[in-house]
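Okay, start.txt is below, compact mmCIF, C-alpha atoms and all ligand atoms:
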# COMPACT_ATOMS: atom_id res chain seq x y z
CA MET A 745 -45.08 -289.20 57.37
CA SER A 746 -44.94 -289.53 53.57
CA ASN A 747 -46.40 -286.92 51.24
CA LEU A 748 -48.33 -289.50 49.28
CA THR A 749 -52.08 -289.02 49.46
CA THR A 750 -54.86 -291.16 48.23
CA SER A 751 -57.78 -289.24 46.84
CA ILE A 752 -61.17 -289.50 45.25
CA GLN A 753 -63.00 -286.85 43.24
CA LEU A 754 -65.87 -286.02 45.51
CA THR A 755 -67.51 -282.88 46.83
CA LYS A 756 -70.37 -281.83 49.07
CA GLN A 757 -72.65 -281.95 46.04
CA SER A 758 -71.56 -285.36 44.72
CA LYS A 759 -74.10 -288.05 44.00
CA TYR A 760 -73.70 -291.69 43.05
CA LYS A 761 -75.81 -293.27 40.35
CA LEU A 762 -77.89 -296.17 41.63
CA ASN A 763 -78.49 -299.34 39.60
CA ASN A 764 -81.97 -298.05 38.66
CA GLY A 765 -80.70 -294.76 37.23
CA GLN A 766 -81.64 -292.59 40.24
CA TYR A 767 -78.98 -290.49 42.00
CA ILE A 768 -78.12 -290.48 45.71
CA PRO A 769 -76.12 -287.75 47.51
CA VAL A 770 -72.94 -289.26 49.01
CA ALA A 771 -73.28 -287.45 52.32
CA GLY A 772 -76.27 -288.39 54.46
CA TYR A 773 -77.47 -287.10 57.83
CA GLY A 774 -78.92 -289.86 60.04
CA VAL A 775 -81.51 -289.29 62.74
CA TYR A 776 -81.24 -292.45 64.88
CA LEU A 777 -82.13 -291.66 68.51
CA CYS A 778 -83.00 -288.05 67.71
CA SER A 779 -86.10 -287.25 69.72
CA ALA A 780 -89.17 -286.43 67.68
CA GLU A 781 -89.19 -282.89 69.13
CA LYS A 782 -85.60 -282.18 68.07
CA THR A 783 -85.63 -283.96 64.72
CA ARG A 784 -87.41 -281.15 62.83
CA GLN A 785 -84.82 -278.61 63.91
CA LEU A 786 -81.88 -280.96 63.33
CA VAL A 787 -83.02 -281.88 59.82
CA TYR A 788 -83.66 -278.22 58.99
CA GLN A 789 -80.14 -277.35 60.20
CA ALA A 790 -78.57 -280.26 58.30
CA LEU A 791 -80.20 -279.02 55.09
CA LYS A 792 -79.16 -275.43 55.87
CA ASP A 793 -75.59 -276.63 56.30
CA GLY A 794 -75.73 -278.33 52.91
CA TYR A 795 -76.76 -281.94 53.46
CA ARG A 796 -79.24 -283.14 50.82
CA HIS A 797 -79.77 -286.65 52.15
CA ILE A 798 -81.70 -287.60 55.29
CA ASP A 799 -81.77 -291.14 56.71
CA SER A 800 -84.65 -292.10 58.99
CA ALA A 801 -86.60 -295.26 59.84
CA VAL A 802 -89.96 -296.29 61.21
CA TYR A 803 -88.03 -297.70 64.18
CA TYR A 804 -86.62 -294.24 65.00
CA GLY A 805 -90.13 -292.79 65.55
CA ASN A 806 -89.18 -289.50 63.90
CA GLU A 807 -90.02 -289.91 60.21
CA LYS A 808 -92.85 -287.39 60.34
CA GLU A 809 -90.68 -284.78 62.02
CA ALA A 810 -87.84 -285.43 59.58
CA ALA A 811 -90.28 -284.90 56.71
CA GLN A 812 -91.57 -281.72 58.37
CA GLY A 813 -87.99 -280.45 58.66
CA ILE A 814 -87.55 -280.98 54.92
CA GLN A 815 -90.86 -279.27 54.15
CA GLU A 816 -90.00 -276.23 56.28
CA PHE A 817 -86.56 -275.94 54.73
CA LEU A 818 -88.03 -276.04 51.21
CA LYS A 819 -90.60 -273.40 52.15
CA ASP A 820 -87.81 -271.08 53.31
CA HIS A 821 -85.35 -271.86 50.49
CA LYS A 822 -87.05 -271.49 47.13
CA ASP A 823 -83.81 -272.20 45.28
CA VAL A 824 -83.90 -275.81 46.53
CA GLN A 825 -86.56 -278.20 45.26
CA ARG A 826 -87.94 -281.45 46.59
CA LYS A 827 -86.07 -283.37 43.89
CA ASP A 828 -82.77 -282.02 45.26
CA ILE A 829 -83.31 -283.80 48.58
CA PHE A 830 -83.09 -287.55 49.16
CA PHE A 831 -85.20 -289.05 51.94
CA THR A 832 -84.81 -292.64 53.16
CA THR A 833 -86.87 -294.62 55.58
CA LYS A 834 -86.76 -298.27 56.65
CA ILE A 835 -89.45 -300.76 57.49
CA THR A 836 -89.35 -302.66 60.78
CA ASN A 837 -89.29 -306.42 61.28
CA GLU A 838 -93.01 -306.25 62.10
CA ALA A 839 -93.53 -305.14 58.50
CA HIS A 840 -91.93 -308.25 57.05
CA GLY A 841 -94.43 -310.29 55.06
CA TYR A 842 -96.48 -309.02 52.12
CA ASP A 843 -99.56 -307.73 53.97
CA ASN A 844 -97.63 -306.33 56.93
CA CYS A 845 -95.32 -304.44 54.62
CA LYS A 846 -98.21 -302.88 52.73
CA LYS A 847 -99.81 -301.88 56.02
CA GLN A 848 -96.63 -300.19 57.23
CA ILE A 849 -96.15 -298.36 53.93
CA GLU A 850 -99.66 -296.95 54.37
CA GLU A 851 -98.65 -295.73 57.83
CA ILE A 852 -95.48 -294.17 56.43
CA ALA A 853 -97.60 -292.46 53.79
CA LYS A 854 -99.84 -290.98 56.50
CA ASP A 855 -96.79 -289.58 58.28
CA VAL A 856 -94.79 -288.16 55.41
CA LYS A 857 -96.82 -287.72 52.23
CA GLU A 858 -98.39 -284.39 53.16
CA HIS A 859 -94.91 -283.00 53.85
CA ILE A 860 -92.66 -284.41 51.15
CA ASP A 861 -94.98 -286.05 48.55
CA TYR A 862 -92.83 -289.13 48.03
CA VAL A 863 -90.03 -291.21 49.53
CA ASP A 864 -86.78 -291.67 47.64
CA LEU A 865 -85.73 -294.92 49.24
CA VAL A 866 -87.32 -297.56 51.45
CA LEU A 867 -85.08 -300.21 53.02
CA ILE A 868 -85.79 -303.47 54.77
CA HIS A 869 -84.09 -302.47 58.04
CA SER A 870 -82.80 -305.92 58.91
CA PRO A 871 -83.06 -309.54 57.76
CA LYS A 872 -83.99 -310.74 61.24
CA THR A 873 -87.25 -312.64 60.64
CA ASP A 874 -87.36 -315.50 58.14
CA LYS A 875 -87.16 -316.22 54.43
CA GLU A 876 -90.90 -316.15 53.78
CA ARG A 877 -91.41 -312.82 55.53
CA ARG A 878 -88.31 -311.17 54.00
CA LEU A 879 -89.42 -312.17 50.51
CA GLY A 880 -93.04 -311.20 51.23
CA ALA A 881 -91.88 -307.71 52.17
CA TRP A 882 -89.75 -307.50 49.04
CA LYS A 883 -92.71 -308.58 46.89
CA ALA A 884 -94.73 -305.68 48.30
CA LEU A 885 -91.86 -303.18 47.92
CA GLN A 886 -91.29 -304.26 44.32
CA GLU A 887 -94.94 -303.48 43.57
CA TYR A 888 -94.59 -299.94 44.92
CA VAL A 889 -91.60 -299.07 42.76
CA GLN A 890 -93.12 -300.76 39.74
CA ASN A 891 -96.54 -299.07 40.14
CA PRO A 892 -95.73 -295.66 41.60
CA ASN A 893 -99.20 -294.42 40.72
CA ASN A 894 -101.12 -296.88 42.88
CA GLY A 895 -102.08 -294.00 45.13
CA THR A 896 -100.59 -295.14 48.44
CA LEU A 897 -97.06 -293.73 48.32
CA ILE A 898 -94.56 -293.05 45.60
CA ILE A 899 -91.36 -294.93 46.40
CA LYS A 900 -88.56 -294.28 43.94
CA SER A 901 -86.08 -296.95 45.02
CA ILE A 902 -85.89 -299.92 47.36
CA GLY A 903 -82.98 -301.51 49.14
CA VAL A 904 -81.89 -303.52 52.14
CA SER A 905 -79.95 -303.00 55.32
CA ASN A 906 -77.86 -305.41 57.38
CA TYR A 907 -78.14 -308.08 54.67
CA GLY A 908 -75.34 -310.61 54.36
CA ILE A 909 -74.43 -312.54 51.22
CA ALA A 910 -76.85 -315.35 52.13
CA HIS A 911 -79.79 -312.90 52.42
CA LEU A 912 -78.92 -311.31 49.09
CA GLU A 913 -78.53 -314.72 47.41
CA GLU A 914 -81.92 -315.77 48.77
CA LEU A 915 -83.44 -312.71 47.10
CA PHE A 916 -81.64 -313.19 43.77
CA ASN A 917 -82.64 -316.89 43.64
CA TRP A 918 -86.32 -316.28 44.44
CA ASP A 919 -88.68 -316.87 41.50
CA GLY A 920 -90.59 -313.65 42.29
CA TYR A 921 -87.43 -311.53 42.13
CA LEU A 922 -87.86 -308.52 39.80
CA VAL A 923 -86.23 -305.43 41.33
CA LYS A 924 -82.62 -305.28 42.48
CA PRO A 925 -81.87 -303.54 45.79
CA VAL A 926 -80.06 -300.28 45.05
CA VAL A 927 -78.11 -300.23 48.31
CA ASN A 928 -77.25 -302.33 51.33
CA GLN A 929 -76.93 -300.14 54.44
CA LEU A 930 -74.32 -301.62 56.76
CA GLU A 931 -72.17 -300.89 59.77
CA LEU A 932 -68.87 -300.02 58.11
CA HIS A 933 -65.72 -298.42 59.54
CA PRO A 934 -62.04 -299.37 59.79
CA TRP A 935 -62.79 -301.92 62.52
CA LEU A 936 -65.49 -303.54 60.37
CA PRO A 937 -64.48 -303.34 56.69
CA ARG A 938 -66.54 -306.37 55.52
CA LEU A 939 -64.32 -306.96 52.49
CA LYS A 940 -66.05 -310.12 51.23
CA LEU A 941 -69.54 -308.65 51.41
CA ARG A 942 -68.40 -305.43 49.75
CA GLU A 943 -66.78 -307.36 46.92
CA TYR A 944 -70.02 -309.31 46.44
CA MET A 945 -72.03 -306.08 46.37
CA VAL A 946 -69.69 -304.50 43.81
CA LYS A 947 -70.19 -307.56 41.60
CA HIS A 948 -73.96 -307.10 41.85
CA ASP A 949 -73.92 -303.31 41.46
CA ILE A 950 -75.34 -302.64 44.91
CA LEU A 951 -73.91 -299.56 46.62
CA ALA A 952 -72.75 -299.62 50.23
CA GLU A 953 -74.22 -297.12 52.64
CA ALA A 954 -72.00 -296.84 55.71
CA TYR A 955 -73.78 -296.41 59.01
CA SER A 956 -71.93 -295.64 62.24
CA PRO A 957 -68.93 -294.25 60.29
CA LEU A 958 -67.87 -292.54 63.53
CA THR A 959 -68.24 -295.91 65.31
CA GLN A 960 -71.19 -294.45 67.22
CA GLY A 961 -68.46 -292.78 69.28
CA TYR A 962 -67.02 -296.06 70.63
CA LYS A 963 -63.61 -295.77 68.98
CA LEU A 964 -63.10 -292.02 69.21
CA ASN A 965 -60.55 -292.52 71.99
CA ASP A 966 -58.82 -295.48 70.38
CA PRO A 967 -55.07 -294.98 71.04
CA GLU A 968 -54.12 -295.76 67.45
CA LEU A 969 -56.63 -293.24 66.11
CA LEU A 970 -55.46 -290.60 68.60
CA ALA A 971 -51.84 -291.22 67.58
CA LEU A 972 -52.79 -290.79 63.92
CA GLU A 973 -54.62 -287.57 64.71
CA LYS A 974 -51.50 -286.27 66.44
CA SER A 975 -49.00 -287.33 63.79
CA SER A 976 -51.07 -286.20 60.79
CA GLY A 977 -52.59 -283.04 62.27
CA ILE A 978 -55.97 -284.17 60.85
CA SER A 979 -58.84 -284.48 63.31
CA LYS A 980 -60.03 -287.99 64.14
CA ILE A 981 -63.51 -287.11 62.87
CA GLU A 982 -62.08 -286.00 59.53
CA ILE A 983 -59.90 -289.10 59.37
CA LEU A 984 -62.83 -291.47 59.95
CA LEU A 985 -65.25 -289.71 57.61
CA LYS A 986 -62.64 -289.35 54.85
CA TRP A 987 -61.68 -293.00 55.24
CA SER A 988 -65.34 -293.83 54.58
CA TYR A 989 -65.63 -291.59 51.53
CA LEU A 990 -62.40 -293.02 50.15
CA GLN A 991 -63.93 -296.53 50.30
CA GLY A 992 -66.63 -295.32 47.91
CA TYR A 993 -69.40 -295.46 50.49
CA ILE A 994 -72.46 -293.30 50.86
CA VAL A 995 -71.69 -292.02 54.35
CA LEU A 996 -74.38 -291.59 57.01
CA ALA A 997 -73.16 -289.65 60.03
CA LYS A 998 -75.24 -288.50 62.96
CA THR A 999 -74.89 -285.80 65.56
CA GLU A 1000 -77.40 -284.05 67.77
CA LYS A 1001 -75.04 -281.11 68.32
CA LEU A 1002 -75.94 -278.34 65.89
CA GLU A 1003 -72.35 -277.14 65.43
CA ARG A 1004 -71.12 -280.66 64.63
CA ILE A 1005 -73.52 -281.03 61.69
CA ALA A 1006 -71.48 -278.52 59.67
CA GLN A 1007 -68.19 -279.89 61.02
CA ASN A 1008 -69.02 -283.34 59.67
CA PHE A 1009 -70.36 -282.11 56.33
CA ASN A 1010 -67.42 -279.74 55.80
CA VAL A 1011 -65.03 -282.68 55.61
CA LEU A 1012 -66.07 -282.67 51.95
CA PRO A 1013 -64.79 -279.90 49.68
CA ASP A 1014 -67.16 -277.55 47.85
CA GLY A 1015 -68.16 -278.52 44.34
CA GLN A 1016 -68.02 -276.08 41.48
CA ARG A 1017 -70.95 -275.09 39.38
CA ASP A 1018 -70.60 -275.46 35.61
CA GLU A 1019 -72.89 -272.65 34.48
CA GLU A 1020 -72.86 -273.82 30.86
CA LEU A 1021 -74.05 -277.32 31.73
CA ASP A 1022 -76.20 -276.03 34.60
CA GLU A 1023 -74.86 -278.69 36.92
CA THR A 1024 -72.44 -279.01 39.79
CA LYS A 1025 -69.19 -280.66 38.83
CA SER A 1026 -67.09 -282.69 41.19
CA PHE A 1027 -63.77 -280.93 40.73
CA GLY A 1028 -62.92 -281.15 44.42
CA LYS A 1029 -61.07 -284.04 46.01
CA VAL A 1030 -61.28 -285.92 49.29
CA ASP A 1031 -57.85 -287.08 50.32
CA LEU A 1032 -55.87 -288.60 53.14
CA PRO A 1033 -52.13 -289.28 53.39
CA LEU A 1034 -51.35 -292.83 52.36
CA ASP A 1035 -49.77 -293.69 55.69
CA VAL A 1036 -52.93 -292.63 57.55
CA LEU A 1037 -54.97 -294.85 55.27
CA GLU A 1038 -52.55 -297.72 55.64
CA ALA A 1039 -52.55 -297.42 59.41
CA LEU A 1040 -56.36 -297.57 59.42
CA ASP A 1041 -56.43 -300.55 57.12
CA LYS A 1042 -57.57 -303.58 59.16
CA PRO A 1043 -58.75 -306.06 56.53
CA ASP A 1044 -59.26 -308.89 59.03
CA SER A 1045 -60.96 -306.89 61.74
CA HIS A 1046 -64.63 -307.70 62.44
CA GLU A 1047 -65.75 -305.60 65.40
CA VAL A 1048 -69.51 -305.11 65.41
CA LEU A 1049 -70.25 -302.09 67.60
CA THR A 1050 -74.02 -301.78 67.07
CA TRP A 1051 -76.92 -304.24 67.19
CA GLY A 1052 -75.86 -305.54 70.61
CA ASN A 1053 -72.49 -306.54 69.11
CA VAL A 1054 -74.14 -309.38 67.16
CA ASP A 1055 -73.64 -309.06 63.42
CA PRO A 1056 -77.08 -308.88 61.76
CA THR A 1057 -75.56 -309.78 58.37
CA GLU A 1058 -74.78 -313.22 59.81
CA TYR A 1059 -78.32 -313.79 61.05
CA LYS A 1060 -79.75 -317.26 60.32
CA ASP A 1061 -83.48 -317.92 60.49
CA GLY A 1062 -84.31 -319.09 64.00
CA ASP A 1063 -81.48 -317.11 65.68
CA ASN A 1064 -82.50 -314.55 68.28
N1 LIG B 1101 -79.56 -299.55 59.29
C1 LIG B 1101 -79.14 -299.65 60.54
O1 LIG B 1101 -79.28 -300.71 61.16
C2 LIG B 1101 -78.48 -298.51 61.19
C3 LIG B 1101 -78.52 -297.28 60.61
N2 LIG B 1101 -77.89 -296.19 61.18
C4 LIG B 1101 -77.98 -294.89 60.49
O2 LIG B 1101 -76.70 -294.30 60.40
C5 LIG B 1101 -76.68 -293.05 61.08
C6 LIG B 1101 -75.32 -292.78 61.70
O3 LIG B 1101 -74.89 -293.83 62.52
P1 LIG B 1101 -74.83 -293.77 64.12
O4 LIG B 1101 -74.96 -295.15 64.59
O5 LIG B 1101 -75.76 -292.77 64.60
O6 LIG B 1101 -73.36 -293.42 64.47
P2 LIG B 1101 -72.20 -292.38 64.05
O7 LIG B 1101 -71.03 -293.21 63.75
O8 LIG B 1101 -72.67 -291.37 63.09
O9 LIG B 1101 -71.89 -291.72 65.44
C7 LIG B 1101 -72.75 -290.91 66.15
C8 LIG B 1101 -72.04 -290.55 67.45
O10 LIG B 1101 -70.86 -289.78 67.16
C9 LIG B 1101 -70.92 -288.54 67.83
N3 LIG B 1101 -70.42 -287.49 66.90
C10 LIG B 1101 -70.95 -287.15 65.71
N4 LIG B 1101 -70.26 -286.16 65.14
C11 LIG B 1101 -69.25 -285.86 65.99
C12 LIG B 1101 -68.20 -284.92 65.98
N5 LIG B 1101 -68.03 -284.08 64.96
N6 LIG B 1101 -67.33 -284.89 67.04
C13 LIG B 1101 -67.47 -285.76 68.08
N7 LIG B 1101 -68.46 -286.67 68.14
C14 LIG B 1101 -69.35 -286.73 67.12
C15 LIG B 1101 -72.38 -288.32 68.17
O11 LIG B 1101 -72.51 -287.59 69.35
P3 LIG B 1101 -73.32 -286.18 69.41
O12 LIG B 1101 -74.72 -286.46 68.93
O13 LIG B 1101 -73.23 -285.83 70.84
O14 LIG B 1101 -72.57 -285.25 68.50
C16 LIG B 1101 -72.90 -289.74 68.36
O15 LIG B 1101 -72.65 -290.17 69.67
C17 LIG B 1101 -77.84 -293.18 62.08
O16 LIG B 1101 -78.30 -291.95 62.57
C18 LIG B 1101 -78.85 -293.92 61.25
O17 LIG B 1101 -79.49 -293.02 60.35
C19 LIG B 1101 -77.18 -296.36 62.33
C20 LIG B 1101 -77.10 -297.57 62.96
C21 LIG B 1101 -77.78 -298.74 62.46
O1 LIG B 1102 -79.81 -296.47 63.56
C1 LIG B 1102 -79.72 -297.48 64.25
N1 LIG B 1102 -78.87 -297.67 65.29
C2 LIG B 1102 -79.05 -298.90 65.81
C3 LIG B 1102 -78.40 -299.52 66.86
C4 LIG B 1102 -78.78 -300.80 67.20
C5 LIG B 1102 -79.77 -301.43 66.50
C6 LIG B 1102 -80.41 -300.81 65.42
C7 LIG B 1102 -80.02 -299.53 65.11
C8 LIG B 1102 -80.46 -298.63 64.09
O2 LIG B 1102 -81.26 -298.79 63.20

Translate the structure described by the file into structure tokens.
Amino acid sequence: MSNLTTSIQLTKQSKYKLNNGQYIPVAGYGVYLCSAEKTRQLVYQALKDGYRHIDSAVYYGNEKEAAQGIQEFLKDHKDVQRKDIFFTTKITNEAHGYDNCKKQIEEIAKDVKEHIDYVDLVLIHSPKTDKERRLGAWKALQEYVQNPNNGTLIIKSIGVSNYGIAHLEELFNWDGYLVKPVVNQLELHPWLPRLKLREYMVKHDILAEAYSPLTQGYKLNDPELLALEKSSGISKIEILLKWSYLQGYIVLAKTEKLERIAQNFNVLPDGQRDEELDETKSFGKVDLPLDVLEALDKPDSHEVLTWGNVDPTEYKDGDN
């Protein structure tokens, strides 16, 4: 094992600047499949452990409870303000199309507004309808970010999820296109590095949010990963999460086990507060030995572990 490490200046408090000037915390806690009853407690605990970014979706059926968890945490922690927390939701395929999208945003508003006032980010969850409906939804979302005072719901940023290059090109080439997506949320891990799409997104200043960074558990007993864990002395969870941070992703991990929330977040080092500037500086570093990184590097791998193993970024109108 060589002593060389590859590192990135990043801490628990780090945020990336989006292409619209807003900031997004690099570490996100996702609530896919968390039951509505448990979500409030899980989100509260995630915030208590230091997460400042919660990822939900209409499809998950727990947006309201996630928002309630945030509200309760803020009530109990007066040193943290709403602006310090980033809340994302995603619209379903049924909300594609201009009118459908507006209708679903009204429903989201009913669920979350009384608890958290506004939503930081709304994503189109997947491209899996057709061009007209995708663009109709984007037209509606653009209006919300451009007219935040229209009374329905303040949405600070909009983005996409599971979009491939063709879906992004379709958006950029549309004559109604006004607002750039700030992120594309994608399945990303060593078995699915999506190099071409990532390069395209870098060129267009769209950040990558990595979902299923722990492979939804599917690869946690992969012999190569277990061998790396043994030879490096670094846990496989830490290896996978650090790999993700080192790619420059916003990392969305999920666990329903309370003790694992802190374990996952603590992979990042603590930031240091610069009292003079009244801001948290990213002096800490995330690092992994070069040979661990090299062993994980699978540029040609394309294993889709979610979405029924069918890559949604490759969806063509008319496919199932
Ligand atoms: N836009 C999209 O289409 C998608 C978005 N997402 C978002 O990304 C988030 C994260 O992705 P997700 O697919 O949930 O998968 P993850 O890669 O985060 O994996 C979650 C699985 O890993 C296990 N796990 C988590 N932490 C640990 C740990 N420390 N030790 C051992 N096992 C652990 C969990 O089990 P346990 O709960 O028992 O700890 C769970 O089974 C989602 O919650 C959602 O917000 C996810 C998929 C698709
Ligand atoms: O979070 C999610 N996990 C998923 C797995 C399969 C299909 C969609 C999703 C999500 O949106």

Please find the residues contacting ligand LIG 1102 (chain B) at a distance of at most 9 Å between atoms, with only C-alpha atoms and all ligand atoms counted, and report them as an MDAnalysis selection string. chainID A and resid 774:777 799:801 803:804 834 869:870 955:956 960 1049:1053

Preceding selection exported with C-alpha atoms as a CSV table (one decimal), keeping the file's coordinate frame:
chain,number,residue,atom,x,y,z
A,774,GLY,CA,-78.9,-289.9,60.0
A,775,VAL,CA,-81.5,-289.3,62.7
A,776,TYR,CA,-81.2,-292.4,64.9
A,777,LEU,CA,-82.1,-291.7,68.5
A,799,ASP,CA,-81.8,-291.1,56.7
A,800,SER,CA,-84.6,-292.1,59.0
A,801,ALA,CA,-86.6,-295.3,59.8
A,803,TYR,CA,-88.0,-297.7,64.2
A,804,TYR,CA,-86.6,-294.2,65.0
A,834,LYS,CA,-86.8,-298.3,56.6
A,869,HIS,CA,-84.1,-302.5,58.0
A,870,SER,CA,-82.8,-305.9,58.9
A,955,TYR,CA,-73.8,-296.4,59.0
A,956,SER,CA,-71.9,-295.6,62.2
A,960,GLN,CA,-71.2,-294.4,67.2
A,1049,LEU,CA,-70.2,-302.1,67.6
A,1050,THR,CA,-74.0,-301.8,67.1
A,1051,TRP,CA,-76.9,-304.2,67.2
A,1052,GLY,CA,-75.9,-305.5,70.6
A,1053,ASN,CA,-72.5,-306.5,69.1

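Between Val995 of chain A and the residues A:Asp1044, A:Glu953, A:Glu982, A:Asp823, the shortest atom-to-atom distance, using only C-alpha atoms, involves A:Glu953.
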
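For the pair atom CA of Ile950 of chain A and atom CA of Ile814 of chain A, the separation is 26.8 Å.
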
Could you list, as a ChimeraX atom specification, every residue within 10 Å of His933 of chain A, counting all atoms listed in the file and ignoring same-chain residues fewer than 2 positions away? /A:930-931,935-938,954-959,984-985,987-988,991,1040-1042,1045-1049

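When the distance limit is 12 Å and all atoms listed in the file are what count, the residues near Lys782 of chain A, minus those fewer than 3 positions from it on the same chain, are A:Val775, A:Tyr776, A:Leu777, A:Cys778, A:Ser779, A:Gln785, A:Leu786, A:Val787, A:Tyr788, A:Gln789, A:Gly805, A:Asn806, A:Glu807, A:Lys808, A:Glu809, A:Ala810, A:Gln812, A:Gly813, A:Thr999, A:Glu1000, A:Lys1001, A:Leu1002.
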
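Among the candidates A:Leu996, A:Leu867, A:Leu972, A:Leu748, the one nearest to ligand LIG 1101 (chain B) when counting only C-alpha atoms and all ligand atoms is A:Leu996.
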
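With distances taken over all atoms listed in the file, A:Ile798 is the one residue among A:Val824, A:Ile798, A:Leu912, A:Ala971 lying closest to Lys998 of chain A.
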